[in-house]
>>> print(open('run13.cif').read())   # mmCIF, C-alpha atoms
data_data
#
loop_
_atom_site.label_atom_id
_atom_site.label_comp_id
_atom_site.auth_asym_id
_atom_site.auth_seq_id
_atom_site.Cartn_x
_atom_site.Cartn_y
_atom_site.Cartn_z
CA MET M 1 -5.28 57.52 58.21
CA ALA M 2 -8.51 57.00 56.34
CA ASN M 3 -6.65 57.68 53.07
CA LYS M 4 -3.95 55.20 54.01
CA GLY M 5 -6.65 52.69 54.85
CA TYR M 6 -8.26 53.38 51.52
CA GLN M 7 -4.96 53.04 49.71
CA GLY M 8 -4.20 49.87 51.63
CA SER M 9 -7.61 48.48 50.80
CA LYS M 10 -7.16 49.51 47.16
CA SER M 11 -3.69 47.97 47.04
CA GLN M 12 -5.04 44.80 48.60
CA LYS M 13 -7.85 44.79 46.08
CA ASN M 14 -5.41 45.36 43.19
CA PHE M 15 -3.16 42.66 44.59
CA THR M 16 -6.07 40.26 44.77
CA ILE M 17 -7.20 41.13 41.25
CA ALA M 18 -3.65 40.79 39.92
CA TYR M 19 -3.24 37.46 41.70
CA ILE M 20 -6.54 36.18 40.31
CA MET M 21 -5.71 37.40 36.77
CA ILE M 22 -2.23 35.82 36.90
CA PHE M 23 -3.70 32.59 38.21
CA ILE M 24 -6.38 32.52 35.51
CA ILE M 25 -3.92 33.31 32.72
CA MET M 26 -1.46 30.70 33.92
CA ALA M 27 -4.22 28.13 34.28
CA LEU M 28 -5.42 28.88 30.74
CA ASN M 29 -1.88 28.54 29.44
CA ILE M 30 -1.49 25.18 31.19
CA VAL M 31 -4.77 24.03 29.68
CA ASN M 32 -3.63 25.29 26.28
CA SER M 33 -0.29 23.48 26.58
CA THR M 34 -2.01 20.29 27.68
CA ILE M 35 -4.44 20.47 24.77
CA VAL M 36 -1.56 21.04 22.35
CA PHE M 37 0.29 18.03 23.80
CA TYR M 38 -2.68 15.68 23.58
CA ASN M 39 -3.60 16.96 20.13
CA GLY M 40 -0.04 16.23 18.98
CA ARG M 41 -0.17 12.74 20.45
CA ASN M 42 -3.58 12.04 18.92
CA VAL M 43 -2.38 13.24 15.51
CA TYR M 44 0.65 10.94 15.79
CA ASN M 45 -1.42 7.88 16.81
CA ARG M 46 -4.01 8.52 14.12
CA ASN M 47 -1.34 8.97 11.47
CA MET M 48 0.48 5.76 12.47
CA ASN M 49 -2.73 3.70 12.48
CA SER M 50 -3.74 5.08 9.10
CA LEU M 51 -0.30 4.23 7.73
CA LYS M 52 -0.54 0.69 9.05
CA HIS M 53 -3.94 -0.05 7.51
CA MET M 54 -3.21 1.62 4.15
CA SER M 55 0.18 -0.11 3.98
CA THR M 56 -1.58 -3.45 4.42
CA VAL M 57 -4.01 -2.55 1.62
CA SER M 58 -1.11 -1.60 -0.67
CA GLU M 59 0.83 -4.80 0.07
CA GLU M 60 -2.22 -6.99 -0.42
CA LEU M 61 -2.89 -5.33 -3.78
CA LEU M 62 0.65 -6.28 -4.78
CA THR M 63 -0.06 -9.86 -3.68
CA VAL M 64 -3.22 -9.89 -5.80
CA ASN M 65 -1.26 -8.61 -8.79
CA ARG M 66 1.35 -11.31 -8.28
CA GLU M 67 -1.30 -14.04 -8.19
CA VAL M 68 -2.94 -12.61 -11.33
CA LEU M 69 0.46 -12.58 -13.06
CA MET M 70 0.91 -16.25 -12.17
CA ILE M 71 -2.45 -17.03 -13.77
CA VAL M 72 -1.63 -14.97 -16.86
CA SER M 73 1.84 -16.55 -17.09
CA ASN M 74 0.34 -20.03 -16.67
CA MET M 75 2.46 -20.65 -13.57
CA GLY M 76 1.36 -22.30 -10.34
CA ASN M 77 -2.09 -23.64 -9.56
CA PRO M 78 -4.94 -21.40 -10.84
CA MET M 79 -7.32 -22.64 -8.15
CA SER M 80 -4.77 -21.80 -5.46
CA ASN M 81 -4.09 -18.42 -7.10
CA VAL M 82 -7.81 -17.55 -7.10
CA THR M 83 -8.10 -18.59 -3.44
CA ASN M 84 -5.13 -16.38 -2.56
CA ILE M 85 -6.73 -13.47 -4.43
CA HIS M 86 -9.97 -13.87 -2.45
CA ASN M 87 -8.01 -14.05 0.82
CA SER M 88 -6.07 -10.89 -0.05
CA PHE M 89 -9.27 -8.97 -0.78
CA ASP M 90 -10.68 -10.20 2.56
CA ASN M 91 -7.59 -8.71 4.25
CA ILE M 92 -8.01 -5.48 2.24
CA ARG M 93 -11.64 -5.12 3.31
CA GLU M 94 -10.71 -5.72 6.95
CA SER M 95 -7.91 -3.10 6.82
CA MET M 96 -10.26 -0.59 5.15
CA LYS M 97 -12.86 -1.30 7.83
CA GLN M 98 -10.31 -0.48 10.52
CA TYR M 99 -9.14 2.61 8.59
CA GLU M 100 -12.71 3.92 8.41
CA LYS M 101 -12.95 3.87 12.22
CA ILE M 102 -10.26 6.57 12.37
CA GLN M 103 -11.25 10.24 12.11
CA HIS M 104 -9.98 11.95 8.93
CA SER M 105 -10.45 15.25 7.16
CA ASP M 106 -13.19 15.69 4.54
CA LEU M 107 -10.60 15.81 1.75
CA GLU M 108 -8.89 12.65 2.97
CA LYS M 109 -12.26 10.90 3.29
CA LYS M 110 -13.13 11.96 -0.25
CA ARG M 111 -9.84 10.67 -1.65
CA TYR M 112 -10.19 7.46 0.38
CA ASN M 113 -13.72 6.90 -0.97
CA HIS M 114 -12.31 7.18 -4.49
CA ALA M 115 -9.59 4.68 -3.56
CA LYS M 116 -12.18 2.35 -2.07
CA LEU M 117 -14.28 2.49 -5.23
CA LEU M 118 -11.20 1.65 -7.32
CA VAL M 119 -10.34 -1.30 -5.06
CA GLU M 120 -13.93 -2.56 -5.28
CA SER M 121 -13.82 -2.08 -9.04
CA TYR M 122 -10.59 -4.10 -9.15
CA ASP M 123 -12.19 -6.86 -7.06
CA ASN M 124 -15.33 -6.90 -9.23
CA LYS M 125 -13.25 -6.95 -12.42
CA LEU M 126 -11.37 -10.03 -11.23
CA LEU M 127 -14.61 -11.70 -10.16
CA GLU M 128 -16.06 -11.09 -13.63
CA LEU M 129 -13.01 -12.62 -15.31
CA GLU M 130 -12.45 -15.43 -12.81
CA HIS M 131 -14.63 -17.97 -14.62
CA VAL M 132 -13.22 -17.24 -18.09
CA PHE M 133 -9.51 -17.37 -17.29
CA ALA M 134 -9.30 -21.13 -17.82
CA GLY M 135 -10.76 -20.97 -21.31
CA LEU M 136 -8.54 -18.25 -22.75
CA GLU M 137 -5.31 -18.51 -24.69
CA PRO M 138 -2.13 -17.00 -23.20
CA GLU M 139 -2.18 -14.06 -25.60
CA GLN M 140 -5.81 -13.33 -24.73
CA LEU M 141 -4.98 -13.48 -21.01
CA LYS M 142 -2.06 -11.12 -21.53
CA SER M 143 -4.21 -8.68 -23.48
CA ILE M 144 -6.94 -8.66 -20.80
CA TYR M 145 -4.32 -8.15 -18.10
CA LEU M 146 -2.64 -5.22 -19.87
CA GLN M 147 -5.85 -3.50 -21.02
CA GLU M 148 -8.25 -4.11 -18.13
CA ILE M 149 -6.68 -5.55 -14.99
CA HIS M 150 -3.32 -3.82 -14.68
CA PRO M 151 -4.64 -0.24 -15.22
CA THR M 152 -7.31 -0.80 -12.56
CA GLN M 153 -4.74 -2.17 -10.11
CA ASN M 154 -2.37 0.75 -10.76
CA ALA M 155 -5.14 3.29 -10.29
CA ALA M 156 -6.16 1.69 -6.97
CA VAL M 157 -2.58 1.71 -5.64
CA GLU M 158 -1.99 5.32 -6.75
CA MET M 159 -5.20 6.47 -5.08
CA ILE M 160 -4.22 4.68 -1.84
CA MET M 161 -0.85 6.49 -1.88
CA ALA M 162 -2.63 9.80 -2.60
CA THR M 163 -4.85 9.20 0.43
CA LEU M 164 -1.76 8.69 2.60
CA GLU M 165 -0.22 11.89 1.23
CA ILE M 166 -3.31 13.90 2.14
CA GLY M 167 -3.20 12.39 5.64
CA LYS M 168 0.43 13.45 5.98
CA ASN M 169 -0.37 17.01 4.87
CA ASP M 170 -3.29 17.22 7.31
CA ALA M 171 -1.04 16.04 10.15
CA GLU M 172 1.56 18.67 9.27
CA LYS M 173 -1.07 21.42 9.27
CA LEU M 174 -2.45 20.32 12.65
CA MET M 175 1.02 20.20 14.15
CA ALA M 176 1.83 23.67 12.76
CA ARG M 177 -1.35 25.04 14.29
CA ASN M 178 -0.58 23.39 17.64
CA SER M 179 2.95 24.81 17.56
CA LEU M 180 1.55 28.30 16.89
CA LEU M 181 -0.90 28.01 19.78
CA PHE M 182 1.85 26.81 22.04
CA GLY M 183 4.17 29.64 20.96
CA ILE M 184 1.53 32.30 21.56
CA GLY M 185 0.63 30.84 24.94
CA PHE M 186 4.24 30.51 26.00
CA LEU M 187 5.16 34.10 25.01
CA PHE M 188 2.06 35.43 26.72
CA LEU M 189 2.98 33.55 29.86
CA LEU M 190 6.48 35.05 29.89
CA ALA M 191 4.98 38.56 29.75
CA ILE M 192 2.65 37.80 32.65
CA LEU M 193 5.48 36.34 34.68
CA LEU M 194 7.49 39.51 34.18
CA VAL M 195 4.58 41.65 35.38
CA SER M 196 3.92 39.37 38.31
CA GLU M 197 7.58 39.65 39.38
CA ILE M 198 7.09 43.44 39.66
CA ILE M 199 3.67 43.38 41.29
CA VAL M 200 3.85 40.42 43.66
CA HIS M 201 7.28 39.29 44.72
CA ASN M 202 5.67 36.88 47.16
CA LEU M 203 4.37 34.81 44.23
CA ALA M 204 7.92 33.99 43.04
CA LYS M 205 8.06 30.51 44.54
CA SER M 206 4.61 29.60 43.25
CA THR M 207 5.48 31.00 39.83
CA LYS M 208 8.69 28.96 39.76
CA ARG M 209 6.78 25.76 40.43
CA ARG M 210 4.37 26.58 37.63
CA MET M 211 7.24 27.32 35.28
CA GLN M 212 8.76 23.93 36.05
CA LEU M 213 5.43 22.35 35.25
CA LEU M 214 5.23 24.28 32.00
CA GLN M 215 8.81 23.31 31.10
CA MET M 216 7.93 19.68 31.63
CA GLN M 217 4.90 20.10 29.39
CA GLU M 218 7.10 21.86 26.85
CA ARG M 219 9.46 18.86 26.79
CA GLN M 220 6.48 16.53 26.38
CA ILE M 221 5.15 18.63 23.50
CA ALA M 222 8.61 18.76 21.94
CA ALA M 223 8.82 14.97 22.27
CA ALA M 224 5.41 14.69 20.62
CA GLY M 225 6.68 17.00 17.87
CA ARG M 226 9.72 14.78 17.29
CA LYS M 227 7.48 11.73 17.09
CA LEU M 228 5.28 13.53 14.59
CA GLU M 229 8.34 14.47 12.53
CA SER M 230 9.35 10.82 12.62
CA SER M 231 5.89 9.80 11.46
CA ASN M 232 6.10 12.32 8.61
CA GLN M 233 9.37 10.73 7.56
CA LYS M 234 7.67 7.34 7.70
CA VAL M 235 4.95 8.68 5.42
CA GLN M 236 7.65 9.72 2.96
CA ASP M 237 9.37 6.34 3.28
CA ILE M 238 6.19 4.24 3.32
CA ALA M 239 6.80 3.05 -0.24
CA MET M 240 10.15 1.61 0.85
CA THR M 241 9.48 0.17 4.33
CA ASN M 242 7.32 -2.62 5.74
CA ILE M 243 5.58 -0.92 8.66
CA LEU M 244 5.27 -4.13 10.71
CA THR M 245 8.87 -5.41 10.63
CA GLY M 246 10.70 -2.17 9.77
CA MET M 247 12.48 -3.96 6.92
CA LYS M 248 12.71 -2.81 3.34
CA ASN M 249 9.66 -3.88 1.34
CA ARG M 250 8.82 -4.89 -2.24
CA TYR M 251 9.12 -1.31 -3.55
CA ALA M 252 12.64 -1.04 -2.09
CA LEU M 253 13.58 -4.37 -3.68
CA GLU M 254 12.39 -3.11 -7.06
CA ASP M 255 14.41 0.08 -6.60
CA ASP M 256 17.58 -1.74 -5.48
CA LEU M 257 17.56 -4.49 -8.12
CA SER M 258 16.18 -2.88 -11.28
CA ASP M 259 19.50 -1.32 -12.31
CA ARG M 260 21.49 -4.47 -11.52
CA LEU M 261 19.61 -7.02 -13.64
CA GLU M 262 21.47 -6.26 -16.87
CA THR M 263 25.01 -6.08 -15.46
CA ASP M 264 25.37 -7.88 -12.12
CA GLN M 265 25.43 -11.41 -10.82
CA PHE M 266 24.35 -12.14 -7.28
CA ASN M 267 22.77 -14.76 -5.04
CA ILE M 268 19.13 -14.22 -4.11
CA GLY M 269 16.88 -16.22 -1.80
CA VAL M 270 13.13 -16.06 -1.17
CA PHE M 271 11.63 -17.64 1.96
CA ASP M 272 8.05 -18.03 3.15
CA ILE M 273 6.54 -19.36 6.38
CA ASP M 274 4.65 -22.61 5.78
CA ASN M 275 0.96 -22.59 6.76
CA PHE M 276 1.21 -19.15 8.34
CA ARG M 277 -2.50 -18.55 7.84
CA ILE M 278 -3.20 -21.18 10.50
CA ILE M 279 -1.62 -18.87 13.12
CA ASN M 280 -3.89 -15.97 12.10
CA ASP M 281 -6.96 -18.22 12.05
CA THR M 282 -6.10 -19.79 15.43
CA TYR M 283 -4.78 -16.84 17.47
CA GLY M 284 -5.85 -13.76 15.51
CA TYR M 285 -4.13 -11.23 13.28
CA GLU M 286 -2.53 -9.24 16.12
CA PHE M 287 -0.86 -12.41 17.40
CA GLY M 288 0.25 -13.19 13.85
CA ASP M 289 1.72 -9.69 13.50
CA GLU M 290 3.74 -10.13 16.69
CA TYR M 291 4.96 -13.50 15.44
CA LEU M 292 6.11 -11.98 12.14
CA ALA M 293 7.80 -9.10 13.97
CA ALA M 294 9.69 -11.60 16.15
CA ILE M 295 10.79 -13.59 13.08
CA GLY M 296 11.89 -10.39 11.34
CA GLU M 297 13.93 -9.32 14.36
CA MET M 298 15.71 -12.70 14.51
CA LEU M 299 16.49 -12.57 10.78
CA THR M 300 17.89 -9.05 11.10
CA GLN M 301 20.09 -9.97 14.06
CA GLU M 302 21.40 -13.15 12.47
CA PHE M 303 21.84 -12.34 8.80
CA SER M 304 22.07 -8.58 8.18
CA ASP M 305 25.87 -8.91 7.94
CA SER M 306 25.53 -11.44 5.10
CA ALA M 307 22.61 -10.07 3.08
CA THR M 308 20.21 -7.20 2.55
CA ILE M 309 16.83 -8.38 3.87
CA TYR M 310 13.41 -7.42 2.48
CA ASN M 311 9.94 -8.21 3.85
CA ILE M 312 8.22 -8.27 0.46
CA THR M 313 4.81 -9.54 1.65
CA SER M 314 3.33 -10.22 5.07
CA ASN M 315 5.21 -13.48 5.69
CA GLU M 316 7.61 -13.64 2.75
CA PHE M 317 11.23 -12.50 3.03
CA CYS M 318 13.83 -11.93 0.32
CA PHE M 319 17.62 -11.98 0.83
CA ILE M 320 20.10 -10.37 -1.57
CA PHE M 321 23.42 -11.84 -0.46
CA HIS M 322 26.43 -9.54 -0.35
CA ASP M 323 29.00 -9.84 -3.13
CA ASN M 324 31.62 -11.25 -0.76
CA VAL M 325 29.43 -14.29 0.02
CA PRO M 326 30.35 -17.18 -2.34
CA ASP M 327 27.73 -19.58 -3.74
CA SER M 328 28.54 -22.43 -1.35
CA GLN M 329 28.33 -20.14 1.66
CA ALA M 330 25.08 -18.62 0.39
CA GLN M 331 23.57 -22.12 0.30
CA ARG M 332 24.69 -22.79 3.87
CA ILE M 333 23.33 -19.45 5.03
CA ALA M 334 20.03 -20.22 3.27
CA ASP M 335 19.73 -23.43 5.31
CA LYS M 336 20.38 -21.40 8.47
CA ILE M 337 17.71 -18.89 7.43
CA ARG M 338 15.17 -21.68 7.00
CA ALA M 339 16.17 -23.08 10.41
CA THR M 340 15.85 -19.65 12.06
CA MET M 341 12.40 -19.08 10.55
CA SER M 342 11.42 -22.52 11.88
CA THR M 343 12.53 -21.65 15.43
CA PRO M 344 9.79 -21.84 18.12
CA VAL M 345 8.61 -18.37 19.17
CA THR M 346 6.79 -17.51 22.39
CA ILE M 347 4.10 -14.84 22.07
CA GLU M 348 1.95 -13.96 25.10
CA SER M 349 3.11 -17.14 26.88
CA ILE M 350 2.09 -19.22 23.85
CA MET M 351 4.82 -21.09 22.00
CA VAL M 352 4.23 -21.49 18.28
CA GLN M 353 6.40 -22.94 15.54
CA CYS M 354 6.07 -23.02 11.78
CA THR M 355 8.45 -24.43 9.23
CA ALA M 356 9.67 -22.40 6.27
CA SER M 357 10.29 -23.08 2.59
CA GLY M 358 12.37 -21.17 0.11
CA SER M 359 14.14 -20.94 -3.22
CA ILE M 360 17.67 -19.75 -3.92
CA TYR M 361 19.22 -18.67 -7.19
CA HIS M 362 22.57 -17.50 -8.51
CA TYR M 363 21.46 -14.73 -10.86
CA LEU M 364 23.48 -13.92 -13.97
CA PRO M 365 23.28 -10.68 -16.04
CA ASN M 366 20.22 -10.42 -18.34
CA ASP M 367 18.58 -13.59 -16.93
CA CYS M 368 15.43 -11.50 -16.36
CA LEU M 369 14.01 -8.27 -17.76
CA ASN M 370 12.39 -7.10 -14.52
CA VAL M 371 12.19 -7.82 -10.82
CA SER M 372 8.57 -9.02 -11.00
CA SER M 373 9.47 -11.82 -13.41
CA LEU M 374 12.41 -12.83 -11.22
CA LEU M 375 10.28 -13.02 -8.07
CA LEU M 376 7.46 -14.75 -9.90
CA LYS M 377 9.73 -17.59 -10.98
CA MET M 378 11.34 -17.89 -7.57
CA ASP M 379 7.94 -17.88 -5.85
CA ASN M 380 6.77 -20.61 -8.20
CA VAL M 381 9.79 -22.77 -7.34
CA MET M 382 9.27 -22.07 -3.64
CA HIS M 383 5.60 -23.06 -3.88
CA ASN M 384 6.70 -26.33 -5.49
CA ALA M 385 8.72 -26.96 -2.33
CA LYS M 386 5.64 -26.22 -0.24
CA ARG M 387 3.51 -28.59 -2.30
CA ASN M 388 6.10 -31.32 -1.69
CA GLY M 389 5.76 -31.02 2.08
CA GLY M 390 7.53 -27.73 2.81
CA ASN M 391 10.40 -27.17 5.22
CA MET M 392 12.91 -27.29 2.34
CA ILE M 393 14.80 -25.11 -0.10
CA TYR M 394 14.78 -25.60 -3.86
CA VAL M 395 17.51 -24.27 -6.11
CA VAL M 396 16.38 -22.35 -9.19
CA ASN M 397 18.50 -23.77 -12.01
CA SER M 398 17.62 -21.30 -14.72
CA LEU M 399 15.32 -18.43 -15.57
#
>>> encode(input="run13.cif", output="structure tokens")
Amino acid sequence: MANKGYQGSKSQKNFTIAYIMIFIIMALNIVNSTIVFYNGRNVYNRNMNSLKHMSTVSEELLTVNREVLMIVSNMGNPMSNVTNIHNSFDNIRESMKQYEKIQHSDLEKKRYNHAKLLVESYDNKLLELEHVFAGLEPEQLKSIYLQEIHPTQNAAVEMIMATLEIGKNDAEKLMARNSLLFGIGFLFLLAILLVSEIIVHNLAKSTKRRMQLLQMQERQIAAAGRKLESSNQKVQDIAMTNILTGMKNRYALEDDLSDRLETDQFNIGVFDIDNFRIINDTYGYEFGDEYLAAIGEMLTQEFSDSATIYNITSNEFCFIFHDNVPDSQAQRIADKIRATMSTPVTIESIMVQCTASGSIYHYLPNDCLNVSSLLLKMDNVMHNAKRNGGNMIYVVNSL
């Protein structure tokens, strides 16, 4: 009897120890799964925010280059071009300030610091040359642009893209590590569950509930993994997509049009929101972003069947009309585009409305050597419309 009591006490003790060990191991696995889930979500959010800020820097650098090209080409108003350049660098500094608040790896920080130095060098170079632009001949301006300005701008953009690439690689490594931790924890849990089924049948119901919890966490982690995969794809496509509106951007326009300039004819329109900066100054940049996203969504819904739409700068949109759209219809659609961009939009219970101006052109083969020259001329014509009061469309007669 004493032996049975001893065995019973020993069995009870073993049962208690097994129960405690199973509970501890399961609890650790739940903690591990939860950490993996939140790490995945944090990696996704950090990656998306980094993409947003660096995309803004890249787009603003393109805007600066466009304004410099207008000065070099003796197009537009130099004073206005210089003002736009200063505004773009203000936006770049703000985006970099927000980017620096995000935690990054040492390698990404190092590459970003190089990119920042190049952007500052680009800004300083333009400041040095700002006061001498007006006194130089066109050939001198072109030489300075090709030898000093353009290489600096290219280096800054390339370093920004390299920073993004490092961020993408870091995110992939973190996700791979999280997946490994999850896999180890999950396999270990299965082994413990098998042992627990043999040792303590009475824990079956409790074990089942914990498994359901773990399965739910597994689905959450898998969902986080899919989001991270989507963000990785966005990193790969960042050069072709405007992150705010989801439309194709300036890089995509260059890629789509470059091979068509020598052989094709097509209708192209460029549209810009009049006085958009007032919205940012009055309500803030986040409000302005929501306004642009709403405009982009309306344009996509209304006109994607008639044209391929590009968001080439923050508030400038380009339309390449489909080949089956004749010239007269393209003109009518352009008027509808201007009207749609002028539609009142309600953001956070605040109704705002801006007019829009644009330029439209029937392009013929070999009218232009490159996309930048085409857009530069069209932007210049569009800005003439703005200077004459805005809310109108000018036709580009020739290039």
>>> atom_distance(input="run13.cif", atom1="atom CA of Asp123 of chain M", atom2="atom CA of Ile92 of chain M")
10.3 Å
>>> resolve_selection(input="run13.cif", expression="the PyMOL selection byres ((chain M and resi 242) around 10)", output="JSON, numbers by chain")
{"M": [52, 55, 56, 59, 237, 238, 239, 240, 241, 243, 244, 245, 246, 247, 248, 249, 250, 251, 252, 310, 311, 312, 313, 314]}
>>> closest_atom_pairs(input="run13.cif", of="segment 249-305 of chain M", to="segment 354-367 of chain M", cutoff="12 Å", atoms="only C-alpha atoms", output="JSON lines")
{"residue": "M:Leu257", "atom": "CA", "partner": "M:Tyr363", "partner_atom": "CA", "distance": 11.3}
{"residue": "M:Ser258", "atom": "CA", "partner": "M:Asn366", "partner_atom": "CA", "distance": 11.1}
{"residue": "M:Asp259", "atom": "CA", "partner": "M:Pro365", "partner_atom": "CA", "distance": 10.8}
{"residue": "M:Arg260", "atom": "CA", "partner": "M:Pro365", "partner_atom": "CA", "distance": 7.9}
{"residue": "M:Leu261", "atom": "CA", "partner": "M:Pro365", "partner_atom": "CA", "distance": 5.7}
{"residue": "M:Glu262", "atom": "CA", "partner": "M:Asn366", "partner_atom": "CA", "distance": 4.6}
{"residue": "M:Thr263", "atom": "CA", "partner": "M:Pro365", "partner_atom": "CA", "distance": 4.9}
{"residue": "M:Asp264", "atom": "CA", "partner": "M:Pro365", "partner_atom": "CA", "distance": 5.3}
{"residue": "M:Gln265", "atom": "CA", "partner": "M:Leu364", "partner_atom": "CA", "distance": 4.5}
{"residue": "M:Phe266", "atom": "CA", "partner": "M:Tyr363", "partner_atom": "CA", "distance": 5.3}
{"residue": "M:Asn267", "atom": "CA", "partner": "M:His362", "partner_atom": "CA", "distance": 4.4}
{"residue": "M:Ile268", "atom": "CA", "partner": "M:Tyr361", "partner_atom": "CA", "distance": 5.4}
{"residue": "M:Gly269", "atom": "CA", "partner": "M:Ile360", "partner_atom": "CA", "distance": 4.2}
{"residue": "M:Val270", "atom": "CA", "partner": "M:Gly358", "partner_atom": "CA", "distance": 5.3}
{"residue": "M:Phe271", "atom": "CA", "partner": "M:Gly358", "partner_atom": "CA", "distance": 4.1}
{"residue": "M:Asp272", "atom": "CA", "partner": "M:Ser357", "partner_atom": "CA", "distance": 5.6}
{"residue": "M:Ile273", "atom": "CA", "partner": "M:Ala356", "partner_atom": "CA", "distance": 4.4}
{"residue": "M:Asp274", "atom": "CA", "partner": "M:Ala356", "partner_atom": "CA", "distance": 5.0}
{"residue": "M:Asn275", "atom": "CA", "partner": "M:Cys354", "partner_atom": "CA", "distance": 7.2}
{"residue": "M:Phe276", "atom": "CA", "partner": "M:Cys354", "partner_atom": "CA", "distance": 7.1}
{"residue": "M:Arg277", "atom": "CA", "partner": "M:Cys354", "partner_atom": "CA", "distance": 10.4}
{"residue": "M:Ile278", "atom": "CA", "partner": "M:Cys354", "partner_atom": "CA", "distance": 9.5}
{"residue": "M:Ile279", "atom": "CA", "partner": "M:Cys354", "partner_atom": "CA", "distance": 8.8}
{"residue": "M:Gly288", "atom": "CA", "partner": "M:Cys354", "partner_atom": "CA", "distance": 11.6}
{"residue": "M:Tyr291", "atom": "CA", "partner": "M:Cys354", "partner_atom": "CA", "distance": 10.3}
{"residue": "M:Leu292", "atom": "CA", "partner": "M:Cys354", "partner_atom": "CA", "distance": 11.0}
{"residue": "M:Ile295", "atom": "CA", "partner": "M:Cys354", "partner_atom": "CA", "distance": 10.6}
>>> closest_residue(input="run13.cif", among="M:Glu67, M:Asp323, M:Glu290, M:Glu302", to="Ile350 of chain M", atoms="only C-alpha atoms")
M:Glu290
>>> resolve_selection(input="run13.cif", expression="the PyMOL selection byres ((chain M and resi 142-147) around 12)", output="PyMOL selection string")
chain M and resi 65-74+122+125-126+128-130+132-133+136-141+148-154
>>> resolve_selection(input="run13.cif", expression="the PyMOL selection byres ((chain M and resi 339) around 10)", output="PDB file with C-alpha atoms, in the coordinates of the input")
ATOM      1  CA  ILE M 333      23.330 -19.450   5.030  1.00  0.00           C
ATOM      2  CA  ALA M 334      20.030 -20.220   3.270  1.00  0.00           C
ATOM      3  CA  ASP M 335      19.730 -23.430   5.310  1.00  0.00           C
ATOM      4  CA  LYS M 336      20.380 -21.400   8.470  1.00  0.00           C
ATOM      5  CA  ILE M 337      17.710 -18.890   7.430  1.00  0.00           C
ATOM      6  CA  ARG M 338      15.170 -21.680   7.000  1.00  0.00           C
ATOM      7  CA  THR M 340      15.850 -19.650  12.060  1.00  0.00           C
ATOM      8  CA  MET M 341      12.400 -19.080  10.550  1.00  0.00           C
ATOM      9  CA  SER M 342      11.420 -22.520  11.880  1.00  0.00           C
ATOM     10  CA  THR M 343      12.530 -21.650  15.430  1.00  0.00           C
ATOM     11  CA  THR M 355       8.450 -24.430   9.230  1.00  0.00           C
ATOM     12  CA  ALA M 356       9.670 -22.400   6.270  1.00  0.00           C
ATOM     13  CA  SER M 357      10.290 -23.080   2.590  1.00  0.00           C
ATOM     14  CA  ASN M 391      10.400 -27.170   5.220  1.00  0.00           C
ATOM     15  CA  MET M 392      12.910 -27.290   2.340  1.00  0.00           C
TER      16      MET M 392
END
>>> closest_residue(input="run13.cif", among="M:Asp305, M:Asp90, M:Glu172, M:Asp106", to="Phe321 of chain M", atoms="all atoms listed in the file")
M:Asp305
>>> closest_residue(input="run13.cif", among="M:His322, M:Arg387, M:Arg93, M:Arg46", to="Thr308 of chain M", atoms="only C-alpha atoms")
M:His322
>>> atom_distance(input="run13.cif", atom1="atom CA of Val325 of chain M", atom2="atom CA of Lys377 of chain M")
22.8 Å
>>> atom_distance(input="run13.cif", atom1="atom CA of Ala155 of chain M", atom2="atom CA of Leu118 of chain M")
6.9 Å
>>> axis_aligned_box(input="run13.cif", around="segment 162-165 of chain M", padding_each_side="8 Å", output="AutoDock Vina command-line options")
--center_x -2.5 --center_y 10.3 --center_z 0.0 --size_x 20.6 --size_y 19.2 --size_z 21.2
>>> residues_around(input="run13.cif", residues="Ile166 of chain M", least_positions_apart="5", cutoff="9 Å", atoms="only C-alpha atoms", output="list of chain:residue names")
M:Ser105, M:Leu107, M:Glu108, M:Arg111, M:Met161, M:Ala171
>>> closest_residue(input="run13.cif", among="M:Lys208, M:Thr63, M:Thr300, M:Asn45", to="Ser88 of chain M", atoms="only C-alpha atoms")
M:Thr63
>>> closest_residue(input="run13.cif", among="M:Thr163, M:Thr34, M:Asn87, M:Asn77", to="Lys116 of chain M", atoms="only C-alpha atoms")
M:Thr163
